[in-house]
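For reference, coords.tsv (TSV, C-alpha atoms):
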chain	number	residue	atom	x	y	z
A	173	MET	CA	2.74	19.80	3.74
A	174	ASN	CA	3.75	16.23	4.53
A	175	TYR	CA	4.86	13.23	2.47
A	176	LEU	CA	1.36	11.89	1.81
A	177	GLN	CA	0.16	15.31	0.70
A	178	MET	CA	3.13	15.46	-1.68
A	179	LEU	CA	2.04	12.16	-3.24
A	180	SER	CA	-1.44	13.58	-3.61
A	181	PHE	CA	-0.37	16.77	-5.39
A	182	LEU	CA	1.90	14.81	-7.73
A	183	GLY	CA	-0.78	12.17	-8.27
A	184	ILE	CA	1.81	9.45	-7.71
A	185	GLY	CA	0.75	5.87	-8.26
A	186	GLY	CA	2.91	2.84	-7.52
A	187	ALA	CA	4.83	4.53	-4.71
A	188	HIS	CA	5.04	1.32	-2.69
A	189	PRO	CA	8.30	-0.71	-2.70
A	190	GLY	CA	8.64	-2.63	-5.94
A	191	GLY	CA	5.81	-0.70	-7.56
A	192	LEU	CA	3.41	-2.26	-10.05
A	193	PRO	CA	6.00	-4.80	-11.34
A	194	LEU	CA	6.10	-6.34	-7.84
A	195	THR	CA	2.31	-6.44	-7.68
A	196	LYS	CA	2.15	-8.19	-11.06
A	197	THR	CA	4.73	-10.75	-9.96
A	198	ILE	CA	2.85	-11.50	-6.72
A	199	PHE	CA	-0.41	-12.13	-8.59
A	200	GLU	CA	1.36	-14.38	-11.09
A	201	LEU	CA	2.90	-16.39	-8.26
A	202	GLU	CA	-0.23	-16.63	-6.13
A	203	GLN	CA	-2.70	-17.57	-8.88
A	204	ILE	CA	-5.56	-15.70	-7.24
A	205	PRO	CA	-8.95	-17.03	-8.46
A	206	LEU	CA	-10.51	-14.68	-11.00
A	207	ASP	CA	-13.82	-14.66	-9.13
A	208	ALA	CA	-12.17	-13.38	-5.93
A	209	MET	CA	-13.63	-10.17	-4.51
A	210	ILE	CA	-10.63	-7.86	-4.03
A	211	LEU	CA	-10.26	-4.66	-2.01
A	212	ASP	CA	-7.27	-2.48	-2.90
A	213	VAL	CA	-6.78	-0.52	0.32
A	214	GLY	CA	-5.01	2.81	-0.07
A	215	CYS	CA	-5.51	2.54	-3.82
A	216	GLY	CA	-4.17	6.02	-4.54
A	217	THR	CA	-4.55	6.92	-8.22
A	218	GLY	CA	-5.87	3.45	-9.03
A	219	GLN	CA	-2.79	2.05	-10.75
A	220	THR	CA	-3.09	-1.40	-9.15
A	221	THR	CA	-6.90	-1.31	-9.17
A	222	ASN	CA	-6.93	-0.61	-12.91
A	223	TYR	CA	-4.42	-3.37	-13.57
A	224	LEU	CA	-6.49	-5.95	-11.66
A	225	TYR	CA	-9.69	-4.77	-13.36
A	226	GLN	CA	-8.08	-5.29	-16.76
A	227	LEU	CA	-7.23	-8.84	-15.72
A	228	GLY	CA	-10.93	-9.46	-15.07
A	229	PHE	CA	-11.02	-9.27	-11.28
A	230	ASN	CA	-13.94	-7.81	-9.33
A	231	VAL	CA	-11.95	-5.13	-7.55
A	232	THR	CA	-12.76	-2.11	-5.41
A	233	GLY	CA	-10.34	0.71	-4.61
A	234	LEU	CA	-10.45	2.57	-1.31
A	235	ASP	CA	-8.53	5.68	-0.27
A	236	HIS	CA	-8.99	8.52	2.21
A	237	ASP	CA	-7.49	11.13	-0.16
A	238	ILE	CA	-10.14	12.69	-2.40
A	239	ARG	CA	-7.53	13.95	-4.90
A	240	MET	CA	-6.32	10.40	-5.46
A	241	ILE	CA	-9.86	9.04	-5.76
A	242	GLU	CA	-10.79	11.70	-8.31
A	243	ILE	CA	-7.76	10.81	-10.43
A	244	ALA	CA	-8.59	7.11	-10.16
A	245	ARG	CA	-12.20	7.68	-11.22
A	246	LYS	CA	-11.11	9.69	-14.26
A	247	LYS	CA	-8.95	6.76	-15.40
A	248	GLN	CA	-11.76	4.21	-15.31
A	249	ILE	CA	-11.46	2.13	-18.45
A	250	ASP	CA	-15.07	1.27	-19.19
A	251	PRO	CA	-17.61	3.88	-18.03
A	252	LYS	CA	-20.42	1.36	-18.61
A	253	ASN	CA	-18.90	-1.08	-16.15
A	254	GLU	CA	-17.31	1.16	-13.55
A	255	MET	CA	-14.99	-0.07	-10.89
A	256	LEU	CA	-16.12	1.02	-7.47
A	257	TYR	CA	-13.91	3.59	-5.77
A	258	LEU	CA	-14.62	4.41	-2.14
A	259	HIS	CA	-13.49	7.68	-0.57
A	260	GLU	CA	-13.21	6.41	3.00
A	261	ASN	CA	-10.79	6.02	5.88
A	262	LEU	CA	-9.67	2.42	6.11
A	263	VAL	CA	-9.84	2.35	9.90
A	264	LYS	CA	-13.63	2.76	9.79
A	265	THR	CA	-15.26	1.84	6.50
A	266	SER	CA	-18.91	1.46	5.47
A	267	ILE	CA	-18.12	-2.00	4.06
A	268	ALA	CA	-20.24	-4.87	5.34
A	269	ASP	CA	-18.71	-7.68	7.38
A	270	HIS	CA	-16.91	-10.44	5.48
A	271	SER	CA	-17.19	-8.77	2.06
A	272	TYR	CA	-13.78	-9.39	0.45
A	273	ASP	CA	-11.85	-12.55	-0.33
A	274	LEU	CA	-8.56	-10.68	-0.72
A	275	ILE	CA	-7.42	-7.40	0.80
A	276	LEU	CA	-4.38	-5.82	-0.78
A	277	CYS	CA	-2.37	-3.29	1.27
A	278	GLU	CA	0.57	-1.80	-0.62
A	279	SER	CA	2.61	0.25	1.87
A	280	VAL	CA	-0.51	1.45	3.66
A	281	LEU	CA	-0.64	-0.09	7.13
A	282	SER	CA	2.58	1.66	8.19
A	283	PHE	CA	0.69	4.96	8.06
A	284	THR	CA	-2.12	3.76	10.32
A	285	LYS	CA	-2.64	2.90	13.95
A	286	LEU	CA	-2.59	-0.87	13.72
A	287	LYS	CA	-4.94	-1.27	16.68
A	288	GLU	CA	-7.56	0.43	14.48
A	289	SER	CA	-6.72	-0.71	10.95
A	290	LEU	CA	-6.02	-4.41	11.51
A	291	PRO	CA	-9.33	-5.20	13.27
A	292	GLU	CA	-11.15	-3.40	10.44
A	293	MET	CA	-9.32	-5.43	7.80
A	294	LYS	CA	-10.17	-8.61	9.69
A	295	ARG	CA	-13.83	-7.58	9.92
A	296	ILE	CA	-14.32	-7.05	6.20
A	297	MET	CA	-12.33	-10.13	5.13
A	298	THR	CA	-14.31	-13.28	4.34
A	299	LYS	CA	-13.99	-16.29	6.64
A	300	ASN	CA	-11.48	-17.98	4.33
A	301	GLY	CA	-10.13	-14.72	2.99
A	302	LYS	CA	-6.55	-13.53	2.75
A	303	MET	CA	-4.61	-10.30	2.99
A	304	ILE	CA	-1.39	-9.40	1.18
A	305	ALA	CA	0.55	-6.57	2.80
A	306	ILE	CA	3.68	-5.02	1.29
A	307	GLU	CA	5.27	-3.03	4.10
A	308	ILE	CA	8.48	-1.19	4.93
A	309	ILE	CA	10.54	-3.00	7.55
A	310	LYS	CA	13.46	-2.01	9.73
A	311	SER	CA	16.27	-4.29	8.57
A	312	ALA	CA	18.97	-2.84	10.85
A	313	HIS	CA	19.11	-0.87	14.09
A	314	LEU	CA	17.91	2.72	13.93
A	315	THR	CA	19.00	5.26	16.50
A	316	LYS	CA	16.29	7.35	18.15
A	317	ASP	CA	17.28	10.33	16.01
A	318	GLU	CA	17.17	8.27	12.81
A	319	GLU	CA	13.79	6.83	13.68
A	320	SER	CA	12.44	10.28	14.54
A	321	GLU	CA	13.68	11.65	11.23
A	322	LEU	CA	11.82	8.95	9.31
A	323	LEU	CA	8.65	9.13	11.39
A	324	ASP	CA	8.49	12.92	11.13
A	325	PHE	CA	9.03	13.01	7.36
A	326	TYR	CA	6.90	10.08	6.22
A	327	GLY	CA	4.24	10.15	8.90
A	328	PHE	CA	4.58	6.46	9.71
A	329	SER	CA	2.83	5.39	12.89
A	330	SER	CA	5.88	3.23	13.61
A	331	ILE	CA	8.78	1.51	11.87
A	332	LEU	CA	8.71	-2.20	12.64
A	333	SER	CA	11.06	-5.09	12.04
A	334	LYS	CA	9.78	-8.18	10.25
A	335	GLU	CA	9.35	-9.95	13.58
A	336	GLU	CA	7.49	-6.99	15.10
A	337	TRP	CA	5.11	-6.94	12.13
A	338	GLN	CA	4.45	-10.63	12.57
A	339	ASN	CA	3.73	-10.13	16.27
A	340	GLN	CA	1.29	-7.32	15.49
A	341	PHE	CA	-0.54	-9.42	12.94
A	342	LYS	CA	-0.76	-12.31	15.40
A	343	GLU	CA	-2.12	-10.00	18.11
A	344	TYR	CA	-5.06	-9.12	15.85
A	345	ASN	CA	-5.82	-12.73	14.89
A	346	PHE	CA	-4.04	-12.93	11.55
A	347	ASP	CA	-2.03	-16.01	10.65
A	348	VAL	CA	1.12	-15.11	8.70
A	349	TYR	CA	1.41	-18.17	6.49
A	350	LYS	CA	4.17	-16.87	4.23
A	351	THR	CA	6.60	-13.97	3.85
A	352	LEU	CA	8.74	-12.88	0.93
A	353	ALA	CA	11.80	-10.65	1.11
A	354	PRO	CA	13.18	-8.77	-1.93
A	355	THR	CA	15.80	-11.51	-2.35
A	356	ASP	CA	13.02	-14.13	-2.59
A	357	ILE	CA	11.30	-12.47	-5.54
A	358	VAL	CA	12.32	-12.30	-9.17
A	359	VAL	CA	10.30	-9.32	-10.36
A	360	ASN	CA	8.99	-9.61	-13.89
A	361	ASP	CA	9.06	-6.42	-15.96
A	362	ALA	CA	11.79	-5.15	-13.64
A	363	TYR	CA	12.65	-2.39	-16.10
A	364	GLU	CA	9.05	-1.27	-16.49
A	365	PRO	CA	8.43	2.16	-14.89
A	366	SER	CA	6.91	1.43	-11.50
A	367	THR	CA	5.70	4.93	-10.67
A	368	GLU	CA	3.19	7.06	-12.55
A	369	PHE	CA	2.51	10.78	-12.16
A	370	ASN	CA	-0.78	12.64	-12.56
A	371	LEU	CA	0.24	16.19	-11.71
A	372	SER	CA	-2.24	18.61	-10.15
A	373	ASP	CA	-2.65	22.09	-11.59
A	374	ASP	CA	-1.94	23.75	-8.23
A	375	ILE	CA	1.28	22.08	-7.07
A	376	PRO	CA	2.92	24.07	-4.21
A	377	GLU	CA	6.62	24.84	-4.63
A	378	THR	CA	7.43	22.93	-1.45
A	379	THR	CA	6.29	19.71	-3.13
A	380	PHE	CA	9.52	19.36	-5.09
A	381	THR	CA	11.60	20.17	-2.01
A	382	LEU	CA	9.90	17.25	-0.27
A	383	LEU	CA	10.52	15.02	-3.28
A	384	ASP	CA	14.24	15.83	-3.07
A	385	LYS	CA	14.21	15.08	0.66
A	386	HIS	CA	12.56	11.72	-0.04
A	387	GLU	CA	15.35	10.83	-2.47
A	388	GLN	CA	17.97	11.82	0.11
A	389	LEU	CA	16.38	9.68	2.81
A	390	THR	CA	16.03	6.75	0.44
A	391	ASN	CA	19.79	6.83	-0.18
A	392	LYS	CA	20.66	7.49	3.46
A	393	TYR	CA	18.70	4.52	4.81
A	394	GLN	CA	19.08	2.03	1.99
A	395	THR	CA	21.00	-0.36	4.27
A	396	LYS	CA	18.64	0.04	7.24
A	397	LEU	CA	15.24	-0.16	5.59
A	398	SER	CA	13.81	-2.84	3.37
A	399	TYR	CA	10.39	-4.31	2.71
A	400	CYS	CA	8.57	-7.57	3.21
A	401	VAL	CA	5.50	-9.09	1.57
A	402	PHE	CA	3.29	-10.63	4.25
A	403	PHE	CA	0.65	-13.21	3.30
A	404	LEU	CA	-2.06	-13.48	5.93
A	405	LYS	CA	-5.27	-15.33	6.57
Hey, can you dump this file as structure tokens for me?
Amino acid sequence: MNYLQMLSFLGIGGAHPGGLPLTKTIFELEQIPLDAMILDVGCGTGQTTNYLYQLGFNVTGLDHDIRMIEIARKKQIDPKNEMLYLHENLVKTSIADHSYDLILCESVLSFTKLKESLPEMKRIMTKNGKMIAIEIIKSAHLTKDEESELLDFYGFSSILSKEEWQNQFKEYNFDVYKTLAPTDIVVNDAYEPSTEFNLSDDIPETTFTLLDKHEQLTNKYQTKLSYCVFFLK
């Protein structure tokens, strides 16, 4: 079992840095038009997708994990007006070209090969569309052993600095027009629980061992890892 499988068995939503309170704050700051077509990539259990739907947005959730999608579908608020959840891999979707005005990636791209995921995101984004990506960044030097420990546990494709992320985005024709660091953001509802659990009935014992390991790594690398919110068009 790996980290992503652990999230699946625990049905964890809001696992990205800052959780749902950060997402709420970003949408309050950005004043996204209510008629925007939004794709929540790596939607997991649908926590963010549900929140945006309740606000009145036309939002679609997409995730490659069928457990997460099934949980998300069960939580749909209005069965007569279902949100659309797609069980697909984000590096090759069935979505038509230029379909979404806003693509939201909450700690998702780090787990992909960017040479595959970024062109796909660009393809399905409308001509004047935008993408908001909340991603882990390397904020201090990591030794080879430290980087290997993180890559092996979390399954990241790579751990990039802010500048390296920006270079990757530029390589695939995205314009980074704004970035926000944790110190730039006053998160509303900061004391609101940011993570939700929807436990499976068949949770392996190793799941909780992995959860403990995640907590240990979070503490170990708290001065070397951070996150950044990238705003792209």
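Relative to atom CA of A:Asn222, atom CA of A:Gln248 is found at 7.2 Å.
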Counting all atoms listed in the file, figure out which residue out of A:Gln340, A:Asn345, A:Ser282, A:Thr315 gets nearest to A:Lys294.
-> A:Asn345
Spatial neighbours of A:Gly214, max dist 9 Å, all atoms listed in the file, sep filter under 3 positions, as a PyMOL selection string | chain A and resi 233-237+261-262+276-281
Nearest candidate to A:Asp347 (options A:Ser398, A:Asn300, A:Ser289, A:Gln388; using only C-alpha atoms) = A:Asn300
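Rounded to one decimal, atom CA of A:Ile309 and atom CA of A:Glu288 lie 19.7 Å from each other.
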So what do you get for atom CA of A:Tyr257 versus atom CA of A:Ile275, distance-wise?
->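 If I compute the distance from atom CA of A:Tyr257 to atom CA of A:Ile275, I get 14.4 Å.
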Find the residues near stretch 355-358 of chain A: any atom within 10 Å, counting all atoms listed in the file, skip ones fewer than 4 places away on the same chain, and give them as number ranges by chain.
-> A: 194, 197-198, 201, 351, 362, 400-401
Using only C-alpha atoms, find the one residue out of A:Glu242, A:Asp324, A:Asp273, A:Glu292 that sits nearest to A:Leu206.
->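 Between A:Glu242, A:Asp324, A:Asp273, A:Glu292, the residue approaching A:Leu206 most closely is A:Asp273.
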Test item: residues at most 10 Å from A:Met293, all atoms listed in the file, excluding those fewer than 5 positions along its chain, as a VMD selection string | chain A and resid 211 213 262 to 265 269 to 270 272 275 to 277 288 298 302 to 303 344 346
Find the residues around A:His313 up to 12 Å (only C-alpha atoms counted), leave out those fewer than 6 positions away in its own chain, and share them as an NGL selection string.
-> :A and (319 or 331-333 or 393 or 395-397)
